[in-house]
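Asker: My structure file run-v5.txt, compact mmCIF, N, CA and C atoms, is below:
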```
# COMPACT_ATOMS: atom_id res chain seq x y z
N MET A 72 0.82 -1.19 0.00
CA MET A 72 0.00 0.00 0.00
C MET A 72 0.87 1.26 0.00
N THR A 73 2.05 1.18 0.60
CA THR A 73 2.94 2.33 0.63
C THR A 73 3.38 2.71 -0.78
N LEU A 74 3.70 1.71 -1.61
CA LEU A 74 4.12 1.99 -2.99
C LEU A 74 2.99 2.69 -3.75
N LEU A 75 1.76 2.20 -3.58
CA LEU A 75 0.62 2.83 -4.24
C LEU A 75 0.46 4.27 -3.77
N ARG A 76 0.59 4.49 -2.49
CA ARG A 76 0.48 5.85 -1.94
C ARG A 76 1.57 6.75 -2.53
N ILE A 77 2.77 6.23 -2.66
CA ILE A 77 3.87 7.00 -3.24
C ILE A 77 3.59 7.32 -4.71
N LEU A 78 3.15 6.32 -5.47
CA LEU A 78 2.86 6.54 -6.89
C LEU A 78 1.73 7.56 -7.08
N LEU A 79 0.69 7.45 -6.28
CA LEU A 79 -0.40 8.42 -6.37
C LEU A 79 0.07 9.81 -5.99
N GLY A 80 0.89 9.90 -4.95
CA GLY A 80 1.44 11.19 -4.55
C GLY A 80 2.31 11.79 -5.64
N LEU A 81 3.12 10.97 -6.29
CA LEU A 81 3.96 11.44 -7.40
C LEU A 81 3.10 11.93 -8.57
N GLY A 82 1.99 11.25 -8.80
CA GLY A 82 1.06 11.71 -9.84
C GLY A 82 0.51 13.08 -9.52
N GLY A 83 0.13 13.30 -8.27
CA GLY A 83 -0.35 14.61 -7.85
C GLY A 83 0.72 15.68 -7.99
N ILE A 84 1.95 15.34 -7.64
CA ILE A 84 3.07 16.29 -7.77
C ILE A 84 3.33 16.59 -9.25
N ALA A 85 3.25 15.58 -10.11
CA ALA A 85 3.43 15.78 -11.55
C ALA A 85 2.34 16.71 -12.10
N LEU A 86 1.12 16.53 -11.63
CA LEU A 86 0.03 17.40 -12.06
C LEU A 86 0.29 18.83 -11.61
N LEU A 87 0.71 19.01 -10.36
CA LEU A 87 1.02 20.34 -9.86
C LEU A 87 2.14 20.98 -10.69
N ALA A 88 3.16 20.21 -11.01
CA ALA A 88 4.27 20.74 -11.82
C ALA A 88 3.77 21.16 -13.20
N SER A 89 2.89 20.38 -13.80
CA SER A 89 2.38 20.73 -15.13
C SER A 89 1.50 21.98 -15.06
N ILE A 90 0.77 22.15 -13.98
CA ILE A 90 -0.04 23.37 -13.81
C ILE A 90 0.86 24.59 -13.67
N LEU A 91 1.91 24.46 -12.88
CA LEU A 91 2.85 25.57 -12.71
C LEU A 91 3.54 25.91 -14.03
N TRP A 92 3.91 24.89 -14.79
CA TRP A 92 4.52 25.10 -16.10
C TRP A 92 3.55 25.83 -17.03
N ALA A 93 2.31 25.36 -17.09
CA ALA A 93 1.31 25.97 -17.98
C ALA A 93 1.03 27.41 -17.58
N ALA A 94 1.01 27.68 -16.27
CA ALA A 94 0.77 29.04 -15.80
C ALA A 94 1.87 29.98 -16.25
N GLN A 95 3.10 29.48 -16.37
CA GLN A 95 4.23 30.29 -16.84
C GLN A 95 4.23 30.43 -18.36
N ALA A 96 3.73 29.41 -19.05
CA ALA A 96 3.86 29.35 -20.51
C ALA A 96 2.72 30.02 -21.27
N ALA A 97 1.53 30.11 -20.66
CA ALA A 97 0.38 30.61 -21.41
C ALA A 97 -0.57 31.38 -20.51
N ASN A 98 -1.34 32.25 -21.13
CA ASN A 98 -2.36 33.01 -20.43
C ASN A 98 -3.58 32.12 -20.23
N ILE A 99 -4.01 31.93 -18.98
CA ILE A 99 -5.12 31.01 -18.70
C ILE A 99 -6.42 31.48 -19.34
N GLY A 100 -6.65 32.77 -19.37
CA GLY A 100 -7.88 33.29 -19.98
C GLY A 100 -7.94 32.99 -21.47
N ALA A 101 -6.84 33.25 -22.17
CA ALA A 101 -6.79 32.98 -23.61
C ALA A 101 -6.91 31.48 -23.88
N SER A 102 -6.23 30.69 -23.06
CA SER A 102 -6.30 29.23 -23.24
C SER A 102 -7.70 28.71 -22.99
N PHE A 103 -8.36 29.23 -21.96
CA PHE A 103 -9.73 28.80 -21.66
C PHE A 103 -10.67 29.21 -22.79
N SER A 104 -10.51 30.41 -23.31
CA SER A 104 -11.35 30.86 -24.43
C SER A 104 -11.18 29.94 -25.64
N ALA A 105 -9.95 29.61 -25.95
CA ALA A 105 -9.70 28.70 -27.08
C ALA A 105 -10.31 27.33 -26.81
N MET A 106 -10.23 26.89 -25.58
CA MET A 106 -10.75 25.57 -25.22
C MET A 106 -12.26 25.50 -25.40
N ILE A 107 -12.98 26.53 -24.94
CA ILE A 107 -14.45 26.46 -25.04
C ILE A 107 -14.96 26.72 -26.45
N GLU A 108 -14.08 27.21 -27.34
CA GLU A 108 -14.46 27.36 -28.75
C GLU A 108 -14.39 26.03 -29.49
N ASP A 109 -13.63 25.09 -28.97
CA ASP A 109 -13.45 23.78 -29.60
C ASP A 109 -14.43 22.79 -28.95
N PRO A 110 -15.24 22.08 -29.74
CA PRO A 110 -16.18 21.12 -29.14
C PRO A 110 -15.49 20.09 -28.24
N TRP A 111 -14.29 19.64 -28.61
CA TRP A 111 -13.59 18.68 -27.76
C TRP A 111 -13.10 19.33 -26.47
N GLY A 112 -12.84 20.61 -26.52
CA GLY A 112 -12.49 21.33 -25.30
C GLY A 112 -13.66 21.37 -24.34
N VAL A 113 -14.86 21.58 -24.88
CA VAL A 113 -16.08 21.57 -24.05
C VAL A 113 -16.30 20.18 -23.46
N VAL A 114 -16.10 19.16 -24.28
CA VAL A 114 -16.25 17.79 -23.79
C VAL A 114 -15.24 17.51 -22.66
N ALA A 115 -14.02 17.98 -22.84
CA ALA A 115 -12.99 17.77 -21.81
C ALA A 115 -13.39 18.45 -20.51
N LEU A 116 -13.95 19.65 -20.58
CA LEU A 116 -14.39 20.34 -19.37
C LEU A 116 -15.57 19.63 -18.70
N ILE A 117 -16.50 19.15 -19.51
CA ILE A 117 -17.63 18.38 -18.96
C ILE A 117 -17.11 17.13 -18.27
N ASP A 118 -16.17 16.44 -18.93
CA ASP A 118 -15.56 15.24 -18.36
C ASP A 118 -14.88 15.55 -17.03
N LEU A 119 -14.13 16.64 -17.00
CA LEU A 119 -13.41 17.04 -15.79
C LEU A 119 -14.38 17.30 -14.64
N TYR A 120 -15.38 18.13 -14.87
CA TYR A 120 -16.28 18.50 -13.78
C TYR A 120 -17.23 17.37 -13.40
N LEU A 121 -17.60 16.53 -14.35
CA LEU A 121 -18.40 15.36 -13.99
C LEU A 121 -17.57 14.39 -13.15
N GLY A 122 -16.28 14.28 -13.45
CA GLY A 122 -15.39 13.49 -12.62
C GLY A 122 -15.33 14.01 -11.19
N PHE A 123 -15.33 15.35 -11.04
CA PHE A 123 -15.37 15.93 -9.69
C PHE A 123 -16.65 15.53 -8.97
N VAL A 124 -17.77 15.52 -9.68
CA VAL A 124 -19.04 15.11 -9.07
C VAL A 124 -18.97 13.65 -8.65
N PHE A 125 -18.46 12.79 -9.52
CA PHE A 125 -18.35 11.37 -9.18
C PHE A 125 -17.48 11.17 -7.94
N LEU A 126 -16.33 11.86 -7.89
CA LEU A 126 -15.47 11.73 -6.72
C LEU A 126 -16.14 12.31 -5.48
N ALA A 127 -16.87 13.40 -5.64
CA ALA A 127 -17.58 13.99 -4.51
C ALA A 127 -18.58 12.99 -3.91
N VAL A 128 -19.26 12.24 -4.76
CA VAL A 128 -20.19 11.21 -4.27
C VAL A 128 -19.43 10.15 -3.49
N ILE A 129 -18.30 9.70 -4.01
CA ILE A 129 -17.50 8.69 -3.31
C ILE A 129 -17.02 9.22 -1.96
N ILE A 130 -16.53 10.44 -1.95
CA ILE A 130 -16.07 11.04 -0.68
C ILE A 130 -17.23 11.12 0.30
N TRP A 131 -18.39 11.59 -0.15
CA TRP A 131 -19.56 11.74 0.72
C TRP A 131 -19.98 10.39 1.31
N LEU A 132 -19.96 9.35 0.49
CA LEU A 132 -20.34 8.03 0.96
C LEU A 132 -19.29 7.41 1.88
N PHE A 133 -18.03 7.75 1.67
CA PHE A 133 -16.95 7.13 2.43
C PHE A 133 -16.71 7.82 3.77
N GLU A 134 -16.67 9.14 3.78
CA GLU A 134 -16.33 9.87 4.99
C GLU A 134 -17.48 9.86 5.99
N ARG A 135 -17.20 9.40 7.19
CA ARG A 135 -18.23 9.41 8.23
C ARG A 135 -18.45 10.80 8.78
N ASN A 136 -17.38 11.58 8.86
CA ASN A 136 -17.44 12.94 9.36
C ASN A 136 -17.82 13.86 8.20
N ARG A 137 -19.02 14.44 8.27
CA ARG A 137 -19.52 15.27 7.17
C ARG A 137 -18.69 16.54 6.97
N LEU A 138 -18.08 17.06 8.03
CA LEU A 138 -17.23 18.24 7.88
C LEU A 138 -15.98 17.92 7.08
N ILE A 139 -15.40 16.75 7.33
CA ILE A 139 -14.24 16.32 6.53
C ILE A 139 -14.67 16.12 5.08
N ALA A 140 -15.82 15.48 4.89
CA ALA A 140 -16.33 15.27 3.53
C ALA A 140 -16.48 16.59 2.80
N LEU A 141 -17.11 17.56 3.45
CA LEU A 141 -17.31 18.86 2.81
C LEU A 141 -15.99 19.59 2.58
N ALA A 142 -15.03 19.40 3.49
CA ALA A 142 -13.72 20.03 3.34
C ALA A 142 -13.00 19.53 2.10
N PHE A 143 -13.31 18.31 1.67
CA PHE A 143 -12.69 17.79 0.45
C PHE A 143 -13.58 17.99 -0.77
N ILE A 144 -14.89 18.02 -0.60
CA ILE A 144 -15.80 18.16 -1.75
C ILE A 144 -15.86 19.59 -2.26
N LEU A 145 -16.04 20.54 -1.37
CA LEU A 145 -16.25 21.92 -1.81
C LEU A 145 -15.09 22.53 -2.60
N PRO A 146 -13.83 22.25 -2.24
CA PRO A 146 -12.73 22.82 -3.04
C PRO A 146 -12.44 22.09 -4.36
N LEU A 147 -13.03 20.92 -4.57
CA LEU A 147 -12.72 20.14 -5.77
C LEU A 147 -12.82 20.93 -7.08
N PRO A 148 -13.90 21.68 -7.32
CA PRO A 148 -13.98 22.40 -8.60
C PRO A 148 -12.91 23.48 -8.77
N PHE A 149 -12.32 23.92 -7.67
CA PHE A 149 -11.34 25.00 -7.73
C PHE A 149 -9.90 24.48 -7.69
N LEU A 150 -9.67 23.46 -6.87
CA LEU A 150 -8.32 22.91 -6.70
C LEU A 150 -8.09 21.69 -7.58
N GLY A 151 -9.17 21.11 -8.10
CA GLY A 151 -9.07 20.04 -9.08
C GLY A 151 -8.49 18.74 -8.55
N ASN A 152 -7.86 18.03 -9.46
CA ASN A 152 -7.39 16.69 -9.14
C ASN A 152 -6.17 16.66 -8.23
N ILE A 153 -5.52 17.79 -8.01
CA ILE A 153 -4.48 17.83 -6.99
C ILE A 153 -5.14 17.59 -5.63
N TRP A 154 -6.28 18.24 -5.40
CA TRP A 154 -7.03 18.06 -4.15
C TRP A 154 -7.56 16.63 -4.06
N ALA A 155 -8.01 16.09 -5.18
CA ALA A 155 -8.47 14.70 -5.22
C ALA A 155 -7.32 13.76 -4.87
N ALA A 156 -6.14 14.03 -5.40
CA ALA A 156 -4.97 13.18 -5.11
C ALA A 156 -4.64 13.20 -3.62
N ILE A 157 -4.75 14.36 -3.00
CA ILE A 157 -4.48 14.45 -1.56
C ILE A 157 -5.44 13.56 -0.78
N TRP A 158 -6.73 13.62 -1.12
CA TRP A 158 -7.71 12.78 -0.40
C TRP A 158 -7.44 11.30 -0.65
N ILE A 159 -7.16 10.93 -1.90
CA ILE A 159 -6.93 9.52 -2.22
C ILE A 159 -5.66 9.00 -1.55
N VAL A 160 -4.58 9.78 -1.60
CA VAL A 160 -3.34 9.36 -0.93
C VAL A 160 -3.59 9.18 0.56
N TRP A 161 -4.35 10.09 1.15
CA TRP A 161 -4.66 10.03 2.58
C TRP A 161 -5.52 8.81 2.91
N ARG A 162 -6.46 8.46 2.04
CA ARG A 162 -7.44 7.43 2.33
C ARG A 162 -7.24 6.10 1.60
N VAL A 163 -6.18 5.94 0.84
CA VAL A 163 -6.03 4.74 0.01
C VAL A 163 -6.04 3.45 0.84
N SER A 164 -5.42 3.44 1.99
CA SER A 164 -5.41 2.23 2.82
C SER A 164 -6.81 1.89 3.30
N ALA A 165 -7.54 2.90 3.78
CA ALA A 165 -8.90 2.67 4.27
C ALA A 165 -9.84 2.28 3.13
N LEU A 166 -9.65 2.89 1.96
CA LEU A 166 -10.48 2.51 0.81
C LEU A 166 -10.23 1.06 0.43
N SER A 167 -8.98 0.68 0.39
CA SER A 167 -8.62 -0.69 0.05
C SER A 167 -9.20 -1.69 1.06
N ALA A 168 -9.10 -1.34 2.33
CA ALA A 168 -9.62 -2.24 3.38
C ALA A 168 -11.13 -2.42 3.25
N ARG A 169 -11.83 -1.35 2.90
CA ARG A 169 -13.29 -1.46 2.75
C ARG A 169 -13.68 -2.23 1.50
N LEU A 170 -12.89 -2.14 0.46
CA LEU A 170 -13.25 -2.78 -0.80
C LEU A 170 -12.88 -4.25 -0.85
N LYS A 171 -11.87 -4.68 -0.11
CA LYS A 171 -11.44 -6.08 -0.17
C LYS A 171 -12.54 -7.06 0.23
N PRO A 172 -13.29 -6.83 1.31
CA PRO A 172 -14.37 -7.78 1.62
C PRO A 172 -15.42 -7.84 0.52
N ALA A 173 -15.72 -6.70 -0.12
CA ALA A 173 -16.71 -6.68 -1.19
C ALA A 173 -16.22 -7.45 -2.40
N ALA A 174 -14.92 -7.44 -2.65
CA ALA A 174 -14.36 -8.14 -3.80
C ALA A 174 -14.50 -9.66 -3.66
N ASN A 175 -14.60 -10.14 -2.46
CA ASN A 175 -14.72 -11.58 -2.22
C ASN A 175 -16.16 -12.07 -2.25
N GLN A 176 -17.12 -11.16 -2.38
CA GLN A 176 -18.52 -11.53 -2.41
C GLN A 176 -18.88 -12.07 -3.80
N PRO A 177 -19.72 -13.10 -3.85
CA PRO A 177 -20.17 -13.57 -5.18
C PRO A 177 -21.12 -12.53 -5.77
N GLY A 178 -21.07 -12.39 -7.07
CA GLY A 178 -22.03 -11.45 -7.57
C GLY A 178 -21.89 -11.06 -8.94
```
In structure tokens, write the structure found in this file.
Answerer:
Amino acid sequence: MTLLRILLGLGGIALLASILWAAQAANIGASFSAMIEDPWGVVALIDLYLGFVFLAVIIWLFERNRLIALAFILPLPFLGNIWAAIWIVWRVSALSARLKPAANQPG
């Protein structure tokens, strides 16, 4: 589980590095305008934000403490998958432990 946590953390760090690079290389407003003019750019944004909704549902169902759940759900649209990576790295062991019994069920 430690290796998985490290790999997921490295993925989050790689995403942060790419965001910092893009922020230096291009104007976000101009890039966003170009993106929403392209149909595939719109699809990518829908995919991104729908993914945030899907993860928000998982977080809501998993976290027993609703304040912790909200602390991770509400920033998702603004902080994106870096915030998602933090929650997953933090909870990967508990998620795995909860899913293992279900994996052994017939069905």
Asker: Atom C of Ala127 (chain A) and CA of Ile144 (chain A), how far apart in Å?
Answerer: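 For CA of Ile144 (chain A) relative to atom C of Ala127 (chain A), the distance reads 6.3 Å.
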Asker: What is the atom N of Ala85 (chain A) to atom N of Ser102 (chain A) distance in Å?
Answerer: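 Going from atom N of Ala85 (chain A) over to atom N of Ser102 (chain A) covers 22.0 Å.
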Asker: Rank nothing, just name the residue among A:Gln95, A:Arg76, A:Phe123, A:Leu116 nearest to Gly151 (chain A), using all atoms listed in the file.
Answerer: A:Phe123
Asker: So which residues touch Gly83 (chain A) within 6 Å, counting all atoms listed in the file, skipping near sequence neighbours fewer than 4 positions away, as a list of chain:residue names?
Answerer: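 After dropping sequence-adjacent residues, the list is A:Leu79, A:Leu87, A:Ala88, A:Ile153, A:Ala156.
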Asker: To one decimal place in Å, what is the distance between atom N of Ser89 (chain A) and atom N of Ile77 (chain A)?
Answerer: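 Separation of atom N of Ser89 (chain A) and atom N of Ile77 (chain A): 18.0 Å.
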Asker: Would you be able to write out as a PDB file with N, CA and C atoms, in the frame of the given file which residues have an atom within 8 Å of (-2.8, 15.3, -2.7) in the file's coordinates, counting only N, CA and C atoms?
Answerer:
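That gives us result-v4.pdb:
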```pdb
ATOM      1  N   LEU A  79       0.690   7.450  -6.280  1.00  0.00           N
ATOM      2  CA  LEU A  79      -0.400   8.420  -6.370  1.00  0.00           C
ATOM      3  C   LEU A  79       0.070   9.810  -5.990  1.00  0.00           C
ATOM      4  N   GLY A  80       0.890   9.900  -4.950  1.00  0.00           N
ATOM      5  CA  GLY A  80       1.440  11.190  -4.550  1.00  0.00           C
ATOM      6  C   GLY A  80       2.310  11.790  -5.640  1.00  0.00           C
ATOM      7  N   GLY A  82       1.990  11.250  -8.800  1.00  0.00           N
ATOM      8  CA  GLY A  82       1.060  11.710  -9.840  1.00  0.00           C
ATOM      9  C   GLY A  82       0.510  13.080  -9.520  1.00  0.00           C
ATOM     10  N   GLY A  83       0.130  13.300  -8.270  1.00  0.00           N
ATOM     11  CA  GLY A  83      -0.350  14.610  -7.850  1.00  0.00           C
ATOM     12  C   GLY A  83       0.720  15.680  -7.990  1.00  0.00           C
ATOM     13  N   ILE A  84       1.950  15.340  -7.640  1.00  0.00           N
ATOM     14  CA  ILE A  84       3.070  16.290  -7.770  1.00  0.00           C
ATOM     15  C   ILE A  84       3.330  16.590  -9.250  1.00  0.00           C
ATOM     16  N   ASN A 152      -7.860  18.030  -9.460  1.00  0.00           N
ATOM     17  CA  ASN A 152      -7.390  16.690  -9.140  1.00  0.00           C
ATOM     18  C   ASN A 152      -6.170  16.660  -8.230  1.00  0.00           C
ATOM     19  N   ILE A 153      -5.520  17.790  -8.010  1.00  0.00           N
ATOM     20  CA  ILE A 153      -4.480  17.830  -6.990  1.00  0.00           C
ATOM     21  C   ILE A 153      -5.140  17.590  -5.630  1.00  0.00           C
ATOM     22  N   TRP A 154      -6.280  18.240  -5.400  1.00  0.00           N
ATOM     23  CA  TRP A 154      -7.030  18.060  -4.150  1.00  0.00           C
ATOM     24  C   TRP A 154      -7.560  16.630  -4.060  1.00  0.00           C
ATOM     25  N   ALA A 155      -8.010  16.090  -5.180  1.00  0.00           N
ATOM     26  CA  ALA A 155      -8.470  14.700  -5.220  1.00  0.00           C
ATOM     27  C   ALA A 155      -7.320  13.760  -4.870  1.00  0.00           C
ATOM     28  N   ALA A 156      -6.140  14.030  -5.400  1.00  0.00           N
ATOM     29  CA  ALA A 156      -4.970  13.180  -5.110  1.00  0.00           C
ATOM     30  C   ALA A 156      -4.640  13.200  -3.620  1.00  0.00           C
ATOM     31  N   ILE A 157      -4.750  14.360  -3.000  1.00  0.00           N
ATOM     32  CA  ILE A 157      -4.480  14.450  -1.560  1.00  0.00           C
ATOM     33  C   ILE A 157      -5.440  13.560  -0.780  1.00  0.00           C
ATOM     34  N   TRP A 158      -6.730  13.620  -1.120  1.00  0.00           N
ATOM     35  CA  TRP A 158      -7.710  12.780  -0.400  1.00  0.00           C
ATOM     36  C   TRP A 158      -7.440  11.300  -0.650  1.00  0.00           C
ATOM     37  N   ILE A 159      -7.160  10.930  -1.900  1.00  0.00           N
ATOM     38  CA  ILE A 159      -6.930   9.520  -2.220  1.00  0.00           C
ATOM     39  C   ILE A 159      -5.660   9.000  -1.550  1.00  0.00           C
ATOM     40  N   VAL A 160      -4.580   9.780  -1.600  1.00  0.00           N
ATOM     41  CA  VAL A 160      -3.340   9.360  -0.930  1.00  0.00           C
ATOM     42  C   VAL A 160      -3.590   9.180   0.560  1.00  0.00           C
ATOM     43  N   TRP A 161      -4.350  10.090   1.150  1.00  0.00           N
ATOM     44  CA  TRP A 161      -4.660  10.030   2.580  1.00  0.00           C
ATOM     45  C   TRP A 161      -5.520   8.810   2.910  1.00  0.00           C
TER      46      TRP A 161
END
```
Asker: Choose the residue, out of A:Phe133, A:Phe125, A:Phe149, A:Trp92, that has the smallest atom-to-atom separation from Arg162 (chain A); count only C-alpha atoms.
Answerer: A:Phe133
Asker: Kindly add all heavy atoms to the incomplete region 127-137 of chain A and provide the output as a PDB file, in the coordinates of the input.
Answerer:
```
ATOM      1  N   ALA A 127     -16.870  13.400  -5.640  1.00  0.00           N
ATOM      2  CA  ALA A 127     -17.580  13.990  -4.510  1.00  0.00           C
ATOM      3  C   ALA A 127     -18.580  12.990  -3.910  1.00  0.00           C
ATOM      4  O   ALA A 127     -18.692  12.884  -2.685  1.00  0.00           O
ATOM      5  CB  ALA A 127     -18.306  15.265  -4.940  1.00  0.00           C
ATOM      6  N   VAL A 128     -19.260  12.240  -4.760  1.00  0.00           N
ATOM      7  CA  VAL A 128     -20.190  11.210  -4.270  1.00  0.00           C
ATOM      8  C   VAL A 128     -19.430  10.150  -3.490  1.00  0.00           C
ATOM      9  O   VAL A 128     -19.856   9.737  -2.397  1.00  0.00           O
ATOM     10  CB  VAL A 128     -20.988  10.587  -5.431  1.00  0.00           C
ATOM     11  CG1 VAL A 128     -21.767   9.354  -4.978  1.00  0.00           C
ATOM     12  CG2 VAL A 128     -21.932  11.625  -6.041  1.00  0.00           C
ATOM     13  N   ILE A 129     -18.300   9.700  -4.010  1.00  0.00           N
ATOM     14  CA  ILE A 129     -17.500   8.690  -3.310  1.00  0.00           C
ATOM     15  C   ILE A 129     -17.020   9.220  -1.960  1.00  0.00           C
ATOM     16  O   ILE A 129     -17.116   8.529  -0.945  1.00  0.00           O
ATOM     17  CB  ILE A 129     -16.304   8.247  -4.189  1.00  0.00           C
ATOM     18  CG1 ILE A 129     -16.818   7.457  -5.395  1.00  0.00           C
ATOM     19  CG2 ILE A 129     -15.308   7.421  -3.383  1.00  0.00           C
ATOM     20  CD1 ILE A 129     -15.777   7.208  -6.462  1.00  0.00           C
ATOM     21  N   ILE A 130     -16.530  10.440  -1.950  1.00  0.00           N
ATOM     22  CA  ILE A 130     -16.070  11.040  -0.680  1.00  0.00           C
ATOM     23  C   ILE A 130     -17.230  11.120   0.300  1.00  0.00           C
ATOM     24  O   ILE A 130     -17.097  10.773   1.481  1.00  0.00           O
ATOM     25  CB  ILE A 130     -15.440  12.429  -0.917  1.00  0.00           C
ATOM     26  CG1 ILE A 130     -14.129  12.290  -1.696  1.00  0.00           C
ATOM     27  CG2 ILE A 130     -15.203  13.157   0.404  1.00  0.00           C
ATOM     28  CD1 ILE A 130     -13.547  13.609  -2.186  1.00  0.00           C
ATOM     29  N   TRP A 131     -18.390  11.590  -0.150  1.00  0.00           N
ATOM     30  CA  TRP A 131     -19.560  11.740   0.720  1.00  0.00           C
ATOM     31  C   TRP A 131     -19.980  10.390   1.310  1.00  0.00           C
ATOM     32  O   TRP A 131     -20.306  10.288   2.494  1.00  0.00           O
ATOM     33  CB  TRP A 131     -20.704  12.382  -0.044  1.00  0.00           C
ATOM     34  CG  TRP A 131     -21.852  12.710   0.848  1.00  0.00           C
ATOM     35  CD1 TRP A 131     -23.013  12.009   0.989  1.00  0.00           C
ATOM     36  CD2 TRP A 131     -21.948  13.817   1.751  1.00  0.00           C
ATOM     37  NE1 TRP A 131     -23.813  12.618   1.909  1.00  0.00           N
ATOM     38  CE2 TRP A 131     -23.197  13.732   2.397  1.00  0.00           C
ATOM     39  CE3 TRP A 131     -21.099  14.874   2.067  1.00  0.00           C
ATOM     40  CZ2 TRP A 131     -23.613  14.674   3.342  1.00  0.00           C
ATOM     41  CZ3 TRP A 131     -21.520  15.805   3.007  1.00  0.00           C
ATOM     42  CH2 TRP A 131     -22.750  15.698   3.633  1.00  0.00           C
ATOM     43  N   LEU A 132     -19.960   9.350   0.490  1.00  0.00           N
ATOM     44  CA  LEU A 132     -20.340   8.030   0.960  1.00  0.00           C
ATOM     45  C   LEU A 132     -19.290   7.410   1.880  1.00  0.00           C
ATOM     46  O   LEU A 132     -19.617   6.642   2.783  1.00  0.00           O
ATOM     47  CB  LEU A 132     -20.603   7.095  -0.221  1.00  0.00           C
ATOM     48  CG  LEU A 132     -21.803   7.443  -1.092  1.00  0.00           C
ATOM     49  CD1 LEU A 132     -21.845   6.542  -2.315  1.00  0.00           C
ATOM     50  CD2 LEU A 132     -23.103   7.361  -0.316  1.00  0.00           C
ATOM     51  N   PHE A 133     -18.030   7.750   1.670  1.00  0.00           N
ATOM     52  CA  PHE A 133     -16.950   7.130   2.430  1.00  0.00           C
ATOM     53  C   PHE A 133     -16.710   7.820   3.770  1.00  0.00           C
ATOM     54  O   PHE A 133     -16.513   7.149   4.790  1.00  0.00           O
ATOM     55  CB  PHE A 133     -15.652   7.160   1.604  1.00  0.00           C
ATOM     56  CG  PHE A 133     -14.508   6.506   2.300  1.00  0.00           C
ATOM     57  CD1 PHE A 133     -14.369   5.131   2.265  1.00  0.00           C
ATOM     58  CD2 PHE A 133     -13.577   7.251   2.995  1.00  0.00           C
ATOM     59  CE1 PHE A 133     -13.316   4.503   2.916  1.00  0.00           C
ATOM     60  CE2 PHE A 133     -12.521   6.646   3.648  1.00  0.00           C
ATOM     61  CZ  PHE A 133     -12.394   5.271   3.615  1.00  0.00           C
ATOM     62  N   GLU A 134     -16.670   9.140   3.780  1.00  0.00           N
ATOM     63  CA  GLU A 134     -16.330   9.870   4.990  1.00  0.00           C
ATOM     64  C   GLU A 134     -17.480   9.860   5.990  1.00  0.00           C
ATOM     65  O   GLU A 134     -18.581  10.268   5.662  1.00  0.00           O
ATOM     66  CB  GLU A 134     -15.951  11.325   4.664  1.00  0.00           C
ATOM     67  CG  GLU A 134     -14.657  11.489   3.921  1.00  0.00           C
ATOM     68  CD  GLU A 134     -13.428  11.090   4.720  1.00  0.00           C
ATOM     69  OE1 GLU A 134     -13.507  10.988   5.962  1.00  0.00           O
ATOM     70  OE2 GLU A 134     -12.385  10.877   4.089  1.00  0.00           O
ATOM     71  N   ARG A 135     -17.200   9.400   7.190  1.00  0.00           N
ATOM     72  CA  ARG A 135     -18.230   9.410   8.230  1.00  0.00           C
ATOM     73  C   ARG A 135     -18.450  10.800   8.780  1.00  0.00           C
ATOM     74  O   ARG A 135     -19.552  11.175   9.144  1.00  0.00           O
ATOM     75  CB  ARG A 135     -17.836   8.440   9.336  1.00  0.00           C
ATOM     76  CG  ARG A 135     -17.889   7.009   8.852  1.00  0.00           C
ATOM     77  CD  ARG A 135     -17.637   6.029   9.981  1.00  0.00           C
ATOM     78  NE  ARG A 135     -17.822   4.687   9.460  1.00  0.00           N
ATOM     79  CZ  ARG A 135     -16.927   3.740   9.577  1.00  0.00           C
ATOM     80  NH1 ARG A 135     -15.790   3.957  10.200  1.00  0.00           N
ATOM     81  NH2 ARG A 135     -17.161   2.545   9.069  1.00  0.00           N
ATOM     82  N   ASN A 136     -17.380  11.580   8.860  1.00  0.00           N
ATOM     83  CA  ASN A 136     -17.440  12.940   9.360  1.00  0.00           C
ATOM     84  C   ASN A 136     -17.820  13.860   8.200  1.00  0.00           C
ATOM     85  O   ASN A 136     -17.051  14.037   7.254  1.00  0.00           O
ATOM     86  CB  ASN A 136     -16.092  13.348   9.959  1.00  0.00           C
ATOM     87  CG  ASN A 136     -16.111  14.715  10.579  1.00  0.00           C
ATOM     88  OD1 ASN A 136     -16.760  15.636  10.089  1.00  0.00           O
ATOM     89  ND2 ASN A 136     -15.377  14.859  11.670  1.00  0.00           N
ATOM     90  N   ARG A 137     -19.020  14.440   8.270  1.00  0.00           N
ATOM     91  CA  ARG A 137     -19.520  15.270   7.170  1.00  0.00           C
ATOM     92  C   ARG A 137     -18.690  16.540   6.970  1.00  0.00           C
ATOM     93  O   ARG A 137     -18.589  17.042   5.857  1.00  0.00           O
ATOM     94  CB  ARG A 137     -21.002  15.623   7.391  1.00  0.00           C
ATOM     95  CG  ARG A 137     -21.911  14.404   7.305  1.00  0.00           C
ATOM     96  CD  ARG A 137     -21.803  13.797   5.927  1.00  0.00           C
ATOM     97  NE  ARG A 137     -22.585  12.584   5.832  1.00  0.00           N
ATOM     98  CZ  ARG A 137     -22.217  11.524   5.140  1.00  0.00           C
ATOM     99  NH1 ARG A 137     -21.080  11.514   4.504  1.00  0.00           N
ATOM    100  NH2 ARG A 137     -22.974  10.470   5.076  1.00  0.00           N
TER     101      ARG A 137
END
```
